[in-house]
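Participant: Sharing a structure here in structure tokens format.
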Number of protein chains: 4
Amino acid sequence: MNTFGNIFKLTTFGESHGEALGGVIDGMPSGIDVDMEFIQSELHRRRPGQGVLTTARNEADKVEILSGVFEGKTTGCPIGFIVRNADHHSSDYTNIKDVFRPSHADYTYQMKYGIRDYRGGGRASARETLCRVVGGAFAKLVLQQKGIVIEADILQVGSHKLHGTKEEQQAQIEEVVKAVRAENDSIGGIIGCTIKNCPVGLGEPVFGKLNAALGAAMLSINAVKGFDLGDGFEGVGLTGSQMNDEFYNDNGQIRMRTNHSGGIQGGISNGEEIVFRVLFKPVPTILREQHTVNMAGKEVAFTAKGRHDPCVLTRAVPIVEAMAAMTILDYVLLRQTNKL
Amino acid sequence: MNTFGNIFKLTTFGESHGEALGGVIDGMPSGIDVDMEFIQSELHRRRPGQGVLTTARNEADKVEILSGVFEGKTTGCPIGFIVRNADHHSSDYTNIKDVFRPSHADYTYQMKYGIRDYRGGGRASARETLCRVVGGAFAKLVLQQKGIVIEADILQVGSHKLHGTKEEQQAQIEEVVKAVRAENDSIGGIIGCTIKNCPVGLGEPVFGKLNAALGAAMLSINAVKGFDLGDGFEGVGLTGSQMNDEFYNDNGQIRMRTNHSGGIQGGISNGEEIVFRVLFKPVPTILREQHTVNMAGKEVAFTAKGRHDPCVLTRAVPIVEAMAAMTILDYVLLRQTNKL
Amino acid sequence: MNTFGNIFKLTTFGESHGEALGGVIDGMPSGIDVDMEFIQSELHRRRPGQGVLTTARNEADKVEILSGVFEGKTTGCPIGFIVRNADHHSSDYTNIKDVFRPSHADYTYQMKYGIRDYRGGGRASARETLCRVVGGAFAKLVLQQKGIVIEADILQVGSHKLHGTKEEQQAQIEEVVKAVRAENDSIGGIIGCTIKNCPVGLGEPVFGKLNAALGAAMLSINAVKGFDLGDGFEGVGLTGSQMNDEFYNDNGQIRMRTNHSGGIQGGISNGEEIVFRVLFKPVPTILREQHTVNMAGKEVAFTAKGRHDPCVLTRAVPIVEAMAAMTILDYVLLRQTNKL
Amino acid sequence: MNTFGNIFKLTTFGESHGEALGGVIDGMPSGIDVDMEFIQSELHRRRPGQGVLTTARNEADKVEILSGVFEGKTTGCPIGFIVRNADHHSSDYTNIKDVFRPSHADYTYQMKYGIRDYRGGGRASARETLCRVVGGAFAKLVLQQKGIVIEADILQVGSHKLHGTKEEQQAQIEEVVKAVRAENDSIGGIIGCTIKNCPVGLGEPVFGKLNAALGAAMLSINAVKGFDLGDGFEGVGLTGSQMNDEFYNDNGQIRMRTNHSGGIQGGISNGEEIVFRVLFKPVPTILREQHTVNMAGKEVAFTAKGRHDPCVLTRAVPIVEAMAAMTILDYVLLRQTNKL
């Protein structure tokens, strides 16, 4: 279950403090120019230390492509890649070795597997998303050729809905996060994502609906607790007559006057923008004392050490985009099998 | 993509007004007693005509089991089943033959496949969910043996949050729906679902997280537009210190004092109740004139005919349960492969 | 595991003496004319009672299409179908209820599932292949449009290699089978299959090689015990210089002068005819007393009753073709995902 | 399609002369001791340069485990691994850059993808099997705990069937290969494989028969052209009465007196030894001039350079075992899902 996708597939491996993380991209169309600078720049977007929001650790993640690219182009063969973990001092993690941190995956991994790599969250660490960003970058290289554009943005930090210009929004984010940090606490929020120029016809009924695939993609990201499409939960009060998207003829092109549906009907893209939201809970690591139990079942107090992001939203933006890009490319390729 | 699941798999077929709908359940454990009355009763729960909420059409859906059951027990072989469509007068549907109904799947199916069965929505009809309920009923027969209980309920109709006793809630639903019906309109809402006695350890990181699987299951249901887990979107304002679920030792059993996480951490069940919500949009069929285009691209007026549910929530409750039951059983079986 | 294929998928169900057998064809391209006479005629080809080779039982298998076809064309939606079991007198099978017939699947099914439908072999009966023939017939309808032709023939009955005209071959078959029947025995043999006009480029390295897919398809047929490609086992003595297929330019078309490889190189079709052989063991049901054990583990004598084919090769020819057709169509559709 | 398996899954990447080959093992049970020496020793078995049979190149392949192992034990998380290509002088391969070597995959890859890594066969090189041996070694670590033993041996080199002691067989192999080498030619042969102590009940009807899975596994290996089970093609002349395996009671254990079936009935293991054969064609690279065409379609002469194995059978033995081991473990794990 460490594989994502049907035709365009990403298989990942790696723990937070092991030798390396990496993955295999299978089903990449052949003959695509590989822009390594772009791929590396996508990775930089999810790096911590980009502002007040994130920790100052300098994670200079460098991706190494091991196969599937020849003379600058994809060959159709699987693309293996790794990202080394520069710095893995397991000694930093002795205080969490025997303790189940509240709302982390320590307990569930231990119970499921009977063993866990406790260093930095191991496989459950958000560091795993790095491989998704690499996969998403390759997917974007293909989607660009079709004019499909994927853009995610922070919509809400905690209960604060962002408004105004990009610059003003950034200031609002920093203000909220600064206040949370001062309390040694953490905060979640909502990221919105828009997919532009998506052709009509992506989505495979009935269990492979495009919204189901996007939902699964997003809900597989660490800390994601919700997903909605179009008007979503905020539109729950609307009636059918308010919510239906009427068709019209836009100079020979069938279009919809509104987009309450978020670009998908009956599980299939309708040519309008695909619009969805992703809910992130607050990161569970907070610099306060909490109650928990240890491996022996004894109740103990636990306080996290070190530097930790009080809010991961900024870093999560490229991850949301990456998962969306891989999903859309997978469905573009599936679409090619619907007819001879 | 008409197959759901990994080990316990349901493959379905059938259109609203074709000969029959049906499916194949693969991966059903052997030796399970098949309670046909229970299965049929689950089907009855999704039938229209059960009150003010739903249309008076009497859809007496009768499931016929064709294989996989011998002398009252499952054999481990695939269970084929069909439900005949009693009544398929295609003449009733001539008014929709050449028109794309707003916010239906008519347009997307036509564009994707170049052909569609226009009678009653064809494959995109909610009648397809009938097969899910059969699959879910078989899954429940297995889960019962493990003490796992799945219960869904309507939480909200439109913007009205239900409160009080079951009886009072029923009255509130009827009141809202009656008002909507009087306006020839339709309304959506939110269904909540709880899974009790779920063992620790269900869920397959990283792309097969249990919440991702449940989300995909729910988002594959017709008209579903959102999914959240635990505190969900309503808890977006909470900080980490408010949201973390602290562990304690409950007489030798590790438990959590709160359940903001909704029973899943790191994508793996933690032994607490699994709690999630499913958002349904209003059914798009309303008895009002709407603007749309026809197959030739010409703008036309369209008014639906016949009797239609203004609110599908009551009928959707067993469907939510069915999808949850199949997902959980699938993950129970997958769990059996984690260790020798 | 009752599903075959990746994009074009067949899921089957049904036991020899249950209510019905059937299946779901998923991934069928839309807009294909459905020639019901052709499909039914394919089914007739695998019917027993077509000559001296086969039993005189008249199995008038009639396929009923339940979905996925509208106004004579495929819609892209799943095609559900069933074939009723006309005649299921379980009383005929009481003598095998408690006995493990030698070289049948009685024992392995009982041990695997703890229960089995003992009537006529249940799920392990060759009657299951009926559904494959239906799936294959649909696949052939698509392949015809691409000019791809699949033809299987009996090459060898027991140790006798057929030679001469079709008519002479038929006489040879009848002679061998008559002799075997007189001994109350049974016989196997080899079926050869040729796929003509297959385009270059079918096959997905490295685990999805076309020969691996064809091999798995054939080895999934009841009683099949071997598969080889091109020169196969008979060419084991040849050296590289004898076996290599040299390329030449045939008026602008790259071709090979020989076809020792059987049309596949590196797991990918090379444009030459695909040629393979399938080995069938003798049917295990023979009208002689054999030693075996019963369910209680007691050693007992067993003699089969009724009429039984002493040789299934004639009936197996359309099954080999059906599995080949589904495999090739699946790979034609997969091929469409290799490039944008 | 670079993934093998259902529950225990190996995904591989890498070309002959790229940076590295590697893979991801997913579904490895947790808590298994990882014997790195054993894994490395399995890799050594497929190394060239082990005798007269193979080239003298010293390919010191060293596997690096990147994840999924913690403190010497598997964690249940995916095991990423790489093997660096020590030595990749692409200049050695300029003579094959524009030429399609007879019976190699050059032509089919070029036609399928429109691009290929021509250096040393790229993805189609047998060097890819290295990753299979790593995957198989991990599978063997698990199977050992269940007492399941997998052993492959060379049965036949060209038309010469080996006989006598191991030592005598080795001498026979060397003699045949020496003669072939003197002719600048190559030779194939047959490898037999036996799986001992396999429990009853492995195999998933109807398309997931154990023999179909083993066949697909073997036919996915480079140069494999045939597969048979039990008596196989050599038993084609036997009748049912000669071939049926009669049951008896061996001190309370149900056993078969003969094993013509090769340990599998109805696609499910029956507790006897699983016995199959794998046919390898001669390696297509021979040190003689051959006719072919170049990328422009022009007919040209081609002579391979460098050192090449005239016979890969010795190196193929561990690959056959590896594929068998992964298949059996996969089915052992699947077996755990058949019942609650």
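Labels for the structure tokens follow display order: chains A, B, ..., residues from 1 in each chain, ligands from 1.
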If the cut-off is 10 Å, can you tell me the residues of chain D near chain B, counting only C-alpha atoms? I'd like them as a VMD selection string.

Facilitator: chain D and resid 6 to 8 27 to 32 76 to 78 142 to 143 145 to 146 204 to 206 329 to 330 332 to 340

Participant: Skipping near chain neighbours, those fewer than 4 positions away, what residues fall within 7 Å of range 133-137 of chain C using only C-alpha atoms, listed as a list in words?

Facilitator: Leu10, Ile25, Ile39, Glu42, Leu43, Thr129, Leu141, Pro318, Ile319, Ala322, Met323, Ala325 and Met326 of chain C

Participant: How would the residues just chosen look if you wrote them out with N, CA and C atoms as a short mmCIF file (atom, residue, chain, number, x, y, z; two decimals), in the first residue's frame?

Facilitator:
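Final output, saved to again_39.cif:
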```cif
data_model
loop_
_atom_site.label_atom_id
_atom_site.label_comp_id
_atom_site.auth_asym_id
_atom_site.auth_seq_id
_atom_site.Cartn_x
_atom_site.Cartn_y
_atom_site.Cartn_z
N LEU C 10 -12.31 -8.88 -16.73
CA LEU C 10 -13.43 -9.79 -16.58
C LEU C 10 -13.44 -10.34 -15.16
N ILE C 25 -17.85 -7.52 -17.35
CA ILE C 25 -16.78 -7.05 -18.22
C ILE C 25 -16.63 -5.56 -17.98
N ILE C 39 -21.53 -13.69 -30.33
CA ILE C 39 -21.21 -14.06 -28.94
C ILE C 39 -21.80 -15.43 -28.61
N GLU C 42 -19.84 -18.21 -30.25
CA GLU C 42 -18.61 -18.54 -29.54
C GLU C 42 -18.90 -19.51 -28.39
N LEU C 43 -20.00 -19.22 -27.69
CA LEU C 43 -20.40 -20.12 -26.60
C LEU C 43 -20.68 -21.52 -27.11
N THR C 129 -15.40 -21.81 -17.45
CA THR C 129 -14.75 -21.21 -18.61
C THR C 129 -15.76 -20.57 -19.58
N LEU C 141 -14.74 -8.65 -30.61
CA LEU C 141 -15.49 -7.61 -31.33
C LEU C 141 -14.65 -6.34 -31.48
N PRO C 318 -11.90 -22.70 -28.20
CA PRO C 318 -12.43 -21.33 -28.05
C PRO C 318 -12.05 -20.68 -26.72
N ILE C 319 -11.75 -21.49 -25.72
CA ILE C 319 -11.35 -20.92 -24.43
C ILE C 319 -9.95 -20.32 -24.54
N ALA C 322 -10.32 -17.17 -26.33
CA ALA C 322 -10.96 -16.13 -25.50
C ALA C 322 -9.95 -15.49 -24.57
N MET C 323 -9.14 -16.32 -23.91
CA MET C 323 -8.15 -15.77 -22.99
C MET C 323 -7.11 -14.93 -23.75
N ALA C 325 -7.67 -13.33 -26.55
CA ALA C 325 -8.32 -12.10 -27.00
C ALA C 325 -8.40 -11.07 -25.88
N MET C 326 -8.77 -11.53 -24.70
CA MET C 326 -8.86 -10.59 -23.58
C MET C 326 -7.49 -10.02 -23.23
#
```

Participant: Do a neighbour search on Phe207 in chain D at 6 Å with only C-alpha atoms, toss out local chain neighbours closer than 2 positions, and write the hits as a VMD selection string.

Facilitator: (chain C and resid 1 to 2 220) or (chain D and resid 205 209)

Participant: Pick out each residue of range 19-254 of chain A that DSSP on the backbone tags as helix (DSSP H, G or I); I need them as a ChimeraX atom specification.

Facilitator: /A:36-45,90-96,106-113,119-124,126-145,166-182,210-219,232-235,240-243

Participant: If I take CA of Gln253 in chain B and CA of Gly72 in chain D, how far is one from the other in Å, to one decimal?

Facilitator: 29.4 Å

Participant: Determine, counting only C-alpha atoms, which protein, DNA and RNA residues have an atom within 8 Å of an atom of Gly203 in chain C; residues of the same chain fewer than 6 positions away are not included. Present the result as a ChimeraX atom specification.

Facilitator: /C:209-211,267-269,331,335

Participant: If I take CA of Asp35 in chain B and CA of Leu130 in chain C, how far is one from the other in Å, to one decimal?

Facilitator: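 So the two atoms, CA of Asp35 in chain B and CA of Leu130 in chain C, lie 29.5 Å apart.
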
Participant: Do a neighbour search on His260 in chain D at 6 Å with only C-alpha atoms, toss out local chain neighbours closer than 3 positions, and write the hits as a count of residues only.

Facilitator: 3

Participant: Extract the full set of strand (DSSP E) residues from range 126-226 of chain C according to DSSP on the backbone, and format it as a VMD selection string.

Facilitator: chain C and resid 149 to 157 160 to 161 189 to 196 224 to 226

Participant: Find the residue from B:Asn184, B:Glu71, B:Lys196, B:Val63 that sits nearest to Arg307 in chain B; use only C-alpha atoms when measuring.

Facilitator: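 Answer, going by the shortest atom-to-atom distance: B:Asn184.
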
Participant: Let me make sure I understand: among A:Ala171, A:Ala217, A:Met295, A:Met111, which one has the smallest atom-to-atom distance to Pro199 in chain B if we use only C-alpha atoms?

Facilitator: A:Met111

Participant: In Å, rounded to a single decimal, give me how far CA of Glu151 in chain D is from CA of Val34 in chain D.

Facilitator: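 That distance, rounded to one decimal, is 20.6 Å.
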
Participant: Counting only C-alpha atoms, which of D:Lys9, D:Lys112, D:Arg123, D:Lys73 gets nearest to Asn222 in chain D?

Facilitator: D:Arg123
